[in-house]
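Dumped input06.cif below, it's mmCIF, C-alpha atoms:
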```
data_work
loop_
_atom_site.label_atom_id
_atom_site.label_comp_id
_atom_site.auth_asym_id
_atom_site.auth_seq_id
_atom_site.Cartn_x
_atom_site.Cartn_y
_atom_site.Cartn_z
CA MET A 939 -32.31 -38.20 -3.60
CA ILE A 940 -30.91 -37.44 -0.13
CA SER A 941 -33.69 -36.07 2.09
CA THR A 942 -33.20 -37.54 5.59
CA PRO A 943 -30.58 -36.78 8.26
CA GLU A 944 -29.48 -40.41 8.29
CA ALA A 945 -28.89 -40.50 4.53
CA LEU A 946 -27.05 -37.17 4.61
CA ALA A 947 -24.79 -38.35 7.45
CA GLU A 948 -23.96 -41.53 5.55
CA LEU A 949 -23.19 -39.56 2.39
CA CYS A 950 -20.90 -37.17 4.28
CA ARG A 951 -18.99 -40.07 5.84
CA HIS A 952 -18.38 -41.36 2.33
CA LEU A 953 -17.36 -37.94 0.97
CA ALA A 954 -14.93 -37.35 3.84
CA GLY A 955 -12.72 -40.07 2.36
CA GLU A 956 -12.57 -38.48 -1.11
CA LYS A 957 -9.77 -36.24 -2.39
CA VAL A 958 -11.87 -34.58 -5.12
CA ILE A 959 -15.63 -33.99 -5.34
CA ALA A 960 -17.82 -31.96 -7.69
CA TRP A 961 -20.87 -29.95 -6.71
CA ASP A 962 -23.59 -27.76 -8.19
CA THR A 963 -26.84 -26.13 -7.08
CA GLU A 964 -30.31 -25.59 -8.48
CA PHE A 965 -31.96 -22.45 -7.17
CA ILE A 966 -34.79 -20.02 -7.91
CA ARG A 967 -34.37 -16.25 -7.73
CA GLU A 968 -36.84 -14.53 -10.03
CA THR A 969 -39.05 -13.20 -7.21
CA THR A 970 -36.67 -13.10 -4.23
CA PHE A 971 -33.61 -11.18 -3.07
CA PHE A 972 -31.82 -14.29 -1.83
CA PRO A 973 -31.39 -17.31 -4.11
CA MET A 974 -33.80 -19.99 -2.88
CA VAL A 975 -31.68 -23.15 -3.00
CA GLU A 976 -33.69 -26.25 -3.83
CA LEU A 977 -31.11 -28.89 -4.74
CA LEU A 978 -27.45 -29.53 -4.10
CA GLN A 979 -25.79 -32.04 -6.41
CA ILE A 980 -22.56 -33.74 -5.40
CA GLY A 981 -20.45 -36.11 -7.46
CA THR A 982 -17.25 -38.11 -7.29
CA ARG A 983 -15.55 -39.75 -10.24
CA ASP A 984 -17.83 -42.78 -9.91
CA GLN A 985 -21.06 -41.71 -8.16
CA CYS A 986 -23.36 -38.74 -7.77
CA TRP A 987 -26.21 -37.69 -5.49
CA VAL A 988 -28.94 -35.05 -5.25
CA ILE A 989 -29.54 -33.46 -1.83
CA ASP A 990 -33.02 -32.06 -1.18
CA VAL A 991 -31.88 -28.79 0.42
CA LYS A 992 -35.42 -27.74 1.29
CA ALA A 993 -35.84 -30.80 3.51
CA PHE A 994 -32.87 -29.74 5.62
CA LEU A 995 -33.48 -26.00 5.72
CA ASP A 996 -36.93 -26.73 7.20
CA HIS A 997 -35.58 -29.27 9.72
CA PRO A 998 -36.05 -28.17 13.37
CA ASP A 999 -32.46 -29.21 14.19
CA LYS A 1000 -30.96 -27.85 10.96
CA ASP A 1001 -27.57 -26.75 12.34
CA ARG A 1002 -26.71 -30.16 13.80
CA VAL A 1003 -28.07 -32.10 10.82
CA VAL A 1004 -26.16 -30.17 8.14
CA GLN A 1005 -22.89 -29.82 10.08
CA PRO A 1006 -21.29 -32.93 8.46
CA LEU A 1007 -22.04 -31.46 5.03
CA LEU A 1008 -20.48 -28.11 5.96
CA ASP A 1009 -17.42 -29.94 7.25
CA VAL A 1010 -17.01 -31.51 3.82
CA PHE A 1011 -17.24 -28.15 2.06
CA ARG A 1012 -14.67 -26.63 4.44
CA ASN A 1013 -12.29 -29.61 4.48
CA PRO A 1014 -8.92 -28.35 3.16
CA GLU A 1015 -7.94 -31.88 2.09
CA ILE A 1016 -10.85 -32.20 -0.37
CA LEU A 1017 -10.68 -30.27 -3.65
CA LYS A 1018 -14.15 -29.11 -4.65
CA ILE A 1019 -14.95 -28.80 -8.38
CA VAL A 1020 -17.64 -26.39 -9.57
CA HIS A 1021 -18.48 -24.80 -12.92
CA ALA A 1022 -18.98 -20.99 -12.98
CA ALA A 1023 -18.75 -20.72 -9.21
CA GLN A 1024 -20.32 -17.34 -8.41
CA GLY A 1025 -24.00 -18.31 -8.27
CA ASP A 1026 -23.31 -21.64 -6.59
CA GLN A 1027 -21.05 -20.16 -3.92
CA GLU A 1028 -23.61 -17.44 -3.21
CA SER A 1029 -26.34 -20.09 -2.95
CA LEU A 1030 -24.26 -22.15 -0.53
CA PHE A 1031 -23.52 -19.06 1.56
CA THR A 1032 -27.19 -18.03 1.58
CA ALA A 1033 -28.45 -21.47 2.57
CA PHE A 1034 -25.77 -22.51 5.07
CA GLY A 1035 -23.60 -19.48 5.84
CA THR A 1036 -20.45 -21.02 4.32
CA VAL A 1037 -18.66 -21.36 1.00
CA SER A 1038 -16.74 -24.19 -0.63
CA THR A 1039 -12.95 -24.18 -0.20
CA PRO A 1040 -10.55 -25.03 -1.75
CA THR A 1041 -12.31 -24.78 -5.11
CA PHE A 1042 -11.38 -25.31 -8.73
CA ASP A 1043 -13.72 -23.63 -11.21
CA THR A 1044 -13.82 -25.53 -14.49
CA ALA A 1045 -15.04 -22.41 -16.31
CA VAL A 1046 -11.84 -20.67 -15.18
CA GLY A 1047 -9.73 -23.67 -16.11
CA ALA A 1048 -11.34 -23.80 -19.54
CA SER A 1049 -10.64 -20.10 -20.11
CA LEU A 1050 -6.95 -20.70 -19.34
CA CYS A 1051 -6.75 -23.72 -21.66
CA GLY A 1052 -8.07 -22.23 -24.88
CA TYR A 1053 -11.73 -23.27 -24.66
CA GLY A 1054 -12.95 -19.66 -24.72
CA ASP A 1055 -14.33 -17.32 -22.10
CA SER A 1056 -17.50 -18.22 -20.15
CA ILE A 1057 -18.01 -21.56 -21.88
CA GLY A 1058 -21.13 -23.39 -20.73
CA LEU A 1059 -20.90 -26.72 -18.98
CA GLY A 1060 -22.69 -28.55 -21.79
CA ASN A 1061 -20.24 -27.35 -24.42
CA LEU A 1062 -17.26 -28.02 -22.16
CA VAL A 1063 -18.34 -31.61 -21.47
CA LYS A 1064 -18.95 -32.14 -25.19
CA ASN A 1065 -15.54 -30.71 -26.13
CA ILE A 1066 -13.58 -32.64 -23.51
CA MET A 1067 -15.59 -35.84 -23.02
CA GLY A 1068 -17.46 -36.09 -26.33
CA ILE A 1069 -20.74 -36.40 -24.39
CA GLN A 1070 -23.87 -34.38 -25.19
CA LEU A 1071 -25.74 -33.27 -22.06
CA ASN A 1072 -29.46 -32.58 -22.05
CA LYS A 1073 -29.66 -28.86 -21.18
CA GLY A 1074 -33.34 -28.21 -21.83
CA HIS A 1075 -34.52 -27.57 -18.26
CA SER A 1076 -32.94 -24.23 -17.43
CA ARG A 1077 -36.30 -22.68 -16.45
CA THR A 1078 -37.51 -25.61 -14.38
CA ASN A 1079 -39.37 -25.05 -11.11
CA TRP A 1080 -37.04 -27.00 -8.82
CA SER A 1081 -39.30 -26.49 -5.79
CA VAL A 1082 -41.78 -29.17 -6.97
CA ARG A 1083 -41.96 -32.21 -4.69
CA PRO A 1084 -41.75 -35.06 -5.39
CA LEU A 1085 -39.26 -34.17 -8.09
CA PRO A 1086 -39.81 -36.24 -11.27
CA LYS A 1087 -37.16 -38.82 -12.06
CA GLN A 1088 -36.18 -37.13 -15.31
CA LEU A 1089 -35.45 -33.87 -13.50
CA ILE A 1090 -33.29 -35.65 -10.94
CA GLU A 1091 -31.34 -37.22 -13.80
CA TYR A 1092 -30.99 -33.83 -15.46
CA ALA A 1093 -29.70 -32.31 -12.21
CA LEU A 1094 -27.18 -35.14 -11.81
CA ASP A 1095 -25.79 -34.44 -15.28
CA ASP A 1096 -24.31 -31.21 -13.89
CA VAL A 1097 -21.88 -33.18 -11.71
CA LYS A 1098 -21.73 -36.61 -13.37
CA TYR A 1099 -18.69 -35.80 -15.53
CA LEU A 1100 -17.31 -32.78 -13.68
CA VAL A 1101 -14.51 -34.54 -11.81
CA GLU A 1102 -13.19 -36.09 -15.03
CA VAL A 1103 -13.46 -32.75 -16.84
CA ALA A 1104 -11.53 -31.10 -14.01
CA GLU A 1105 -8.83 -33.78 -14.10
CA LYS A 1106 -8.25 -33.19 -17.79
CA LEU A 1107 -8.21 -29.39 -17.37
CA LEU A 1108 -5.81 -29.59 -14.43
CA ALA A 1109 -3.49 -31.83 -16.43
CA GLU A 1110 -3.51 -29.29 -19.26
CA LEU A 1111 -2.90 -26.46 -16.79
CA ASP A 1112 0.06 -28.38 -15.42
CA ARG A 1113 1.44 -28.74 -18.95
CA LEU A 1114 1.05 -24.99 -19.47
CA ASN A 1115 2.41 -24.22 -15.98
CA ARG A 1116 -0.90 -22.45 -15.16
CA ARG A 1117 -2.38 -24.59 -12.35
CA THR A 1118 -1.53 -22.07 -9.59
CA TRP A 1119 -2.97 -19.29 -11.73
CA GLY A 1120 -6.20 -21.23 -12.23
CA MET A 1121 -6.53 -22.01 -8.52
CA GLU A 1122 -5.95 -18.37 -7.57
CA ILE A 1123 -8.67 -17.13 -9.93
CA SER A 1124 -11.03 -19.91 -8.82
CA ALA A 1125 -10.59 -18.83 -5.19
CA LYS A 1126 -12.16 -15.42 -5.86
CA TRP A 1127 -15.67 -16.57 -4.94
CA GLU A 1128 -14.48 -18.10 -1.68
CA ASP A 1129 -14.52 -14.56 -0.23
CA THR A 1130 -17.87 -14.22 1.57
CA ARG A 1131 -17.58 -10.41 1.54
CA LEU A 1132 -18.54 -10.53 -2.13
CA PHE A 1133 -22.02 -11.71 -1.13
CA GLN A 1134 -22.56 -8.96 1.45
CA SER A 1135 -23.45 -5.57 -0.03
CA ASP A 1136 -21.94 -2.26 1.10
CA PRO A 1137 -24.70 0.42 0.97
CA GLU A 1138 -22.22 3.29 1.18
CA GLU A 1139 -20.18 2.01 -1.74
CA MET A 1140 -23.37 1.50 -3.74
CA ALA A 1141 -24.41 5.08 -2.95
CA ARG A 1142 -21.03 6.50 -3.96
CA ARG A 1143 -21.14 4.61 -7.24
CA LEU A 1144 -24.57 6.02 -8.06
CA ALA A 1145 -23.70 9.53 -6.88
CA LYS A 1146 -20.63 9.86 -9.11
CA GLY A 1147 -22.70 10.50 -12.21
CA ALA A 1148 -25.65 12.21 -10.54
CA LYS A 1149 -24.14 15.66 -9.72
CA MET A 1150 -25.03 15.46 -6.05
CA ASP A 1151 -24.18 17.88 -3.28
CA ALA A 1152 -23.24 16.65 0.20
CA ARG A 1153 -26.79 16.68 1.57
CA ALA A 1154 -28.14 14.72 -1.38
CA PHE A 1155 -25.37 12.15 -1.05
CA GLY A 1156 -25.99 11.84 2.69
CA ALA A 1157 -29.66 11.19 2.01
CA LEU A 1158 -28.84 8.67 -0.73
CA ARG A 1159 -26.52 6.77 1.60
CA GLU A 1160 -29.24 6.40 4.23
CA LEU A 1161 -31.84 5.45 1.62
CA MET A 1162 -29.50 2.74 0.34
CA ARG A 1163 -29.11 1.41 3.87
CA TRP A 1164 -32.89 1.41 4.25
CA ARG A 1165 -33.40 -0.52 1.00
CA GLU A 1166 -30.71 -3.09 1.74
CA ALA A 1167 -32.30 -3.83 5.12
CA ARG A 1168 -35.78 -3.86 3.62
CA VAL A 1169 -35.07 -6.30 0.76
CA ARG A 1170 -33.48 -8.71 3.21
CA THR A 1171 -36.49 -8.50 5.53
CA LEU A 1172 -38.99 -9.00 2.71
CA ASN A 1173 -36.72 -11.25 0.60
CA LEU A 1174 -37.67 -9.37 -2.56
CA PRO A 1175 -35.54 -8.16 -5.50
CA ARG A 1176 -34.18 -4.64 -5.01
CA ARG A 1177 -36.10 -3.28 -7.97
CA TRP A 1178 -39.39 -4.45 -6.40
CA VAL A 1179 -38.79 -2.23 -3.38
CA ALA A 1180 -37.23 0.78 -5.17
CA GLU A 1181 -35.19 1.24 -8.33
CA ASP A 1182 -31.78 2.89 -8.04
CA GLN A 1183 -32.91 5.96 -9.96
CA VAL A 1184 -35.91 6.40 -7.67
CA LEU A 1185 -33.60 6.58 -4.66
CA VAL A 1186 -31.30 9.03 -6.47
CA ASP A 1187 -34.27 11.27 -7.26
CA LEU A 1188 -35.57 10.99 -3.69
CA ALA A 1189 -32.16 12.01 -2.35
CA LYS A 1190 -32.07 15.07 -4.59
CA VAL A 1191 -35.63 16.21 -3.81
CA ARG A 1192 -35.66 15.13 -0.13
CA PRO A 1193 -39.41 15.26 0.65
CA LYS A 1194 -40.21 16.79 4.04
CA ASP A 1195 -43.52 15.10 4.83
CA LEU A 1196 -45.72 12.12 3.96
CA ALA A 1197 -47.86 14.16 1.57
CA HIS A 1198 -44.84 15.09 -0.54
CA LEU A 1199 -43.46 11.55 -0.29
CA GLY A 1200 -46.82 10.10 -1.32
CA ALA A 1201 -46.79 12.18 -4.50
CA PHE A 1202 -43.38 10.84 -5.47
CA ARG A 1203 -43.46 8.63 -8.57
CA GLY A 1204 -41.75 5.26 -8.50
CA LEU A 1205 -42.48 4.28 -4.90
CA ASN A 1206 -45.06 1.62 -4.15
CA LYS A 1207 -48.02 3.17 -2.32
CA GLY A 1208 -48.22 0.25 0.09
CA GLU A 1209 -44.55 0.64 0.90
CA ILE A 1210 -45.07 4.37 1.58
CA GLN A 1211 -47.86 3.53 4.02
CA LYS A 1212 -45.69 1.02 5.88
CA GLN A 1213 -42.32 2.72 5.63
CA GLY A 1214 -43.06 6.38 4.96
CA GLU A 1215 -41.90 7.72 8.33
CA THR A 1216 -38.82 5.49 8.21
CA LEU A 1217 -37.94 6.90 4.79
CA LEU A 1218 -38.37 10.49 5.96
CA GLU A 1219 -36.21 9.80 9.00
CA ALA A 1220 -33.52 8.28 6.75
CA ILE A 1221 -33.53 11.42 4.60
CA ARG A 1222 -33.31 13.70 7.67
CA LYS A 1223 -30.45 11.66 9.11
CA GLY A 1224 -28.60 11.78 5.80
CA GLU A 1225 -28.89 15.57 5.66
CA ALA A 1226 -27.70 15.91 9.25
CA ASP A 1227 -24.68 13.67 8.63
CA ALA A 1228 -23.68 15.46 5.42
CA PRO A 1229 -21.02 17.78 6.98
CA HIS A 1230 -19.18 14.77 8.39
CA LEU A 1231 -19.09 12.61 5.26
CA GLU A 1232 -16.05 12.02 3.11
CA PRO A 1233 -16.52 14.32 0.09
CA LEU A 1234 -17.41 12.93 -3.29
CA GLU A 1235 -14.80 13.02 -6.02
CA LYS A 1236 -14.84 16.29 -7.94
CA GLY A 1237 -13.91 17.08 -11.49
CA ARG A 1238 -12.93 14.71 -14.27
CA ARG A 1239 -12.69 11.09 -13.23
CA PRO A 1240 -9.15 9.74 -13.76
CA ASP A 1241 -10.37 6.52 -15.37
CA ILE A 1242 -11.91 8.20 -18.43
CA PRO A 1243 -9.53 8.34 -21.43
CA ASP A 1244 -9.32 11.42 -23.63
CA ALA A 1245 -9.88 11.10 -27.38
CA ASP A 1246 -6.25 10.27 -28.21
CA GLU A 1247 -5.98 7.75 -25.39
CA ALA A 1248 -9.19 6.08 -26.51
CA GLN A 1249 -7.66 5.38 -29.93
CA VAL A 1250 -4.53 3.92 -28.35
CA LEU A 1251 -6.60 1.72 -26.05
CA SER A 1252 -8.48 0.31 -29.03
CA LEU A 1253 -5.17 -0.76 -30.57
CA LEU A 1254 -3.91 -2.10 -27.24
CA GLN A 1255 -7.07 -4.13 -26.76
CA CYS A 1256 -6.66 -5.58 -30.25
CA TYR A 1257 -3.05 -6.51 -29.46
CA VAL A 1258 -4.03 -8.14 -26.16
CA GLY A 1259 -6.59 -10.21 -28.08
CA ILE A 1260 -3.85 -11.37 -30.46
CA LEU A 1261 -1.62 -12.33 -27.52
CA ALA A 1262 -4.52 -14.19 -25.87
CA ASP A 1263 -5.12 -16.20 -29.04
CA GLU A 1264 -1.41 -16.93 -29.32
CA HIS A 1265 -1.28 -18.27 -25.75
CA GLN A 1266 -4.73 -19.91 -25.95
CA LEU A 1267 -6.45 -18.23 -23.04
CA ALA A 1268 -9.19 -15.67 -22.43
CA ALA A 1269 -7.99 -12.09 -22.98
CA ARG A 1270 -9.31 -10.93 -19.59
CA HIS A 1271 -6.65 -13.05 -17.86
CA LEU A 1272 -4.00 -10.86 -19.49
CA LEU A 1273 -5.63 -7.44 -19.25
CA THR A 1274 -9.21 -6.44 -18.51
CA SER A 1275 -10.77 -3.35 -20.04
CA ALA A 1276 -10.33 -1.56 -16.71
CA GLN A 1277 -6.57 -2.25 -16.72
CA LEU A 1278 -5.83 -0.86 -20.18
CA LEU A 1279 -5.78 2.85 -19.31
CA PRO A 1280 -3.72 2.57 -16.09
CA ILE A 1281 -1.20 0.38 -17.93
CA PHE A 1282 -0.94 2.88 -20.78
CA ARG A 1283 -0.54 5.86 -18.45
CA ALA A 1284 2.22 4.03 -16.55
CA ARG A 1285 3.96 2.80 -19.72
CA GLU A 1286 7.24 4.57 -18.90
CA GLN A 1287 7.55 2.55 -15.68
CA GLY A 1288 7.83 -0.74 -17.50
CA VAL A 1289 6.78 -4.22 -16.47
CA GLN A 1290 8.28 -4.03 -12.97
CA GLY A 1291 6.52 -0.74 -12.35
CA TRP A 1292 3.21 -2.29 -13.40
CA LEU A 1293 3.83 -5.16 -10.99
CA ASP A 1294 4.77 -2.82 -8.14
CA GLN A 1295 1.51 -0.91 -8.62
CA LYS A 1296 -0.48 -4.14 -9.05
CA LEU A 1297 -1.61 -3.01 -12.50
CA LEU A 1298 -0.69 -6.39 -13.97
CA SER A 1299 -0.82 -9.85 -12.46
CA PRO A 1300 2.49 -11.72 -12.03
CA GLU A 1301 1.22 -14.47 -14.34
CA ALA A 1302 0.26 -12.05 -17.11
CA ALA A 1303 3.52 -10.14 -16.67
CA ALA A 1304 5.57 -13.32 -17.08
CA LEU A 1305 3.57 -14.37 -20.12
CA VAL A 1306 3.18 -11.13 -22.11
CA GLY A 1307 4.45 -8.21 -20.02
CA GLN A 1308 7.50 -7.51 -22.18
CA GLU A 1309 5.51 -7.74 -25.42
CA ILE A 1310 2.96 -5.23 -24.14
CA HIS A 1311 5.73 -2.87 -23.00
CA GLU A 1312 7.43 -3.02 -26.38
CA PHE A 1313 4.12 -2.41 -28.14
CA LEU A 1314 3.45 0.70 -26.04
CA ALA A 1315 7.04 1.87 -26.62
CA GLY A 1316 6.47 1.78 -30.38
CA LYS A 1317 8.74 -1.22 -30.95
CA ARG A 1318 5.98 -3.50 -32.25
CA ALA A 1319 3.40 -2.76 -34.91
CA LEU A 1320 0.17 -4.30 -36.18
CA THR A 1321 -0.02 -5.10 -39.87
CA ILE A 1322 -2.50 -6.86 -42.11
CA SER A 1323 -1.52 -9.98 -44.01
CA GLY A 1324 -4.34 -11.39 -46.09
CA ALA A 1325 -7.33 -11.50 -43.74
CA LYS A 1326 -5.26 -11.64 -40.56
CA ILE A 1327 -3.68 -9.05 -38.28
CA GLN A 1328 -0.04 -9.77 -37.50
CA VAL A 1329 2.49 -8.26 -35.11
CA VAL A 1330 5.91 -7.28 -36.48
CA PRO A 1331 8.93 -5.49 -35.00
CA VAL A 1332 9.06 -1.88 -36.10
CA GLY A 1333 11.36 -1.46 -39.10
CA GLN A 1334 10.49 -4.75 -40.81
#
```
Hey, can you dump this file as structure tokens for me?
Amino acid sequence: MISTPEALAELCRHLAGEKVIAWDTEFIRETTFFPMVELLQIGTRDQCWVIDVKAFLDHPDKDRVVQPLLDVFRNPEILKIVHAAQGDQESLFTAFGTVSTPTFDTAVGASLCGYGDSIGLGNLVKNIMGIQLNKGHSRTNWSVRPLPKQLIEYALDDVKYLVEVAEKLLAELDRLNRRTWGMEISAKWEDTRLFQSDPEEMARRLAKGAKMDARAFGALRELMRWREARVRTLNLPRRWVAEDQVLVDLAKVRPKDLAHLGAFRGLNKGEIQKQGETLLEAIRKGEADAPHLEPLEKGRRPDIPDADEAQVLSLLQCYVGILADEHQLAARHLLTSAQLLPIFRAREQGVQGWLDQKLLSPEAAALVGQEIHEFLAGKRALTISGAKIQVVPVGQ
């Protein structure tokens, strides 16, 4: 258990000489907006450690003390292994203002090697290493100090075998010529913008289905900005301050005074007392800004299929699933649900047209692009043989 600056510095000197390390976090988020990071586990192929994050976040000279650790996470010569990176990268960013790079996500690697989509670490370790992890502490209160020995051992299990698991996955990816693909997907959560919300985009997303005029949208945008600032100040979940639908309704009604605002259902009375005038000012500003806002999309959204298209997309999704099984990877790496309709509507443009419009990834295009094009051109058909669906050229 690393809990002193001296021990952390010594650990970081050791890690600086490694080419590959694994890491994981334990955090609590049920009652906060930001994940409250309690532990950071780090492992090499031969050793592993638990860092008491709380001890360093509370240190009066935190920035200097944790700098060697941040240098390790940013070192381009050290490959960092993590499983299901999103929550861990967000936790690292929240606690220290940085993310791990370069990163290989073993959940991504597993999904490209035929182990299924979103496989848990316990099942992955069992499948690859033949080792059964104890995964019975998922609801543990990691803020307890001193942390019992058995919980430290449980936390270490999350990194104890991760480097070896990654080595085996990377070797398989090399065999399949998919390592670059896996690294590109793993790098997604190295983008810190993903952990910083955009109130205007959130407002536009909510407004699309709410039949809002310009003044209502302007008010909603300012209310979203208010809530995003408020939850960060209070460090509370968004829903504890105001649900999305409450803000939508507020933006439509646009109360003019505290009496009207106080009668509004869904807002905490204490929050109205503290923030009532601020809320009213946000609504007034939103109304005033309405003439200058970019208009909301009107009419039928282009990403909604008609009845005939919906039937075709069902068949296309089935075919993509067959191709994914054939190539032993998760179907979403070939086509996601959101890609199906744009691909179908651009079917006459062929594989190169899909690539030019970034409707299909280069890796998916090389693997199955031609098959999908032929299917959409009516040159391949689905047929049933026994209890299985098979693909046959049309005419056979």
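One finds atom CA of Arg1177 of chain A at 10.5 Å from atom CA of Thr970 of chain A.
Within 12 Å of Glu1232 of chain A, once only C-alpha atoms are used and residues closer than 3 positions along the same chain are dropped, the contacting residues are Glu1138, Glu1139, Arg1142, Asp1151, Ala1152, Arg1153, Phe1155, Gly1156, Arg1159, Asp1227, Ala1228, Pro1229, Glu1235 and Lys1236 of chain A.
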Inset, instruction - Show which residues sit within 6 Å of segment 1008-1020 of chain A, as an NGL selection string. Count all atoms listed in the file, and ignore same-chain residues fewer than 2 positions away. - result: :A and (957-961 or 1005-1006 or 1023 or 1038-1043)
Inset, instruction - Point out the residue among A:Ala1268, A:Ile1327, A:Ala954, A:Ala1148 with the least atom-to-atom distance to Ser1056 of chain A, counting only C-alpha atoms. - result: A:Ala1268
Inset, instruction - Check what the PyMOL selection byres ((chain A and resi 1102) around 10) selects in the file above and give those residues as a list in words. - result: Ala960, Thr982, Arg983, Asp984, Val1063, Ile1066, Met1067, Val1097, Lys1098, Tyr1099, Leu1100, Val1101, Val1103, Ala1104, Glu1105, Lys1106, Leu1107 and Leu1108 of chain A
Inset, instruction - Tell me which residues the PyMOL selection byres ((chain A and resi 1197-1205) around 10) grabs here, as a list in words. - result: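 Checking the PyMOL selection byres ((chain A and resi 1197-1205) around 10) against this file, the residues are Trp1178, Val1179, Ala1180, Glu1181, Gln1183, Val1184, Leu1185, Asp1187, Leu1188, Val1191, Arg1192, Pro1193, Lys1194, Asp1195, Leu1196, Asn1206, Lys1207, Gly1208, Glu1209, Ile1210, Gln1211, Gly1214, Glu1215, Leu1217 and Leu1218 of chain A.
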Legend entry - atom CA of Gln1027 of chain A to atom CA of Leu1161 of chain A, distance in Å rounded to a single decimal: 28.3 Å
Inset, instruction - Identify which of the residues A:Gln1134, A:Phe965, A:Pro973, A:Pro943 lies closest to Asp996 of chain A, counting all atoms listed in the file when measuring atom-to-atom distances. - result: A:Pro943
Legend entry - Nearby residues, (-32.7, 9.5, 1.0) file frame, 6 Å, all atoms listed in the file, as a list in words: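 Counting all atoms listed in the file, I find these residues within 6 Å of (-32.7, 9.5, 1.0): Ala1157, Leu1158, Glu1160, Leu1161, Leu1188, Ala1189, Ala1220 and Ile1221 of chain A.
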Inset, instruction - Between atom CA of Ala1045 of chain A and atom CA of Gln1088 of chain A, measure the distance and give it in Å to one decimal. - result: 25.8 Å
Inset, instruction - Measuring atom to atom with only C-alpha atoms, identify which of A:Val991, A:Val1258, A:Ala1245, A:Ala1154 is nearest to Gly1224 of chain A. - result: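 So, comparing all the options, the nearest one is A:Ala1154.
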Inset, instruction - Evaluate the PyMOL selection byres ((chain A and resi 1033) around 9) here and jot the selected residues down as a VMD selection string. - result: chain A and resid 973 to 975 991 995 1028 to 1032 1034 to 1036
Inset, instruction - Go through A:Gln1213, A:Leu1320, A:Glu1122, A:Ala1284 one by one, measure the shortest atom-to-atom distance of each to Cys1256 of chain A using all atoms listed in the file, and give the residue with the smallest value. - result: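 That would be A:Leu1320, the residue with the smallest distance to Cys1256 of chain A.
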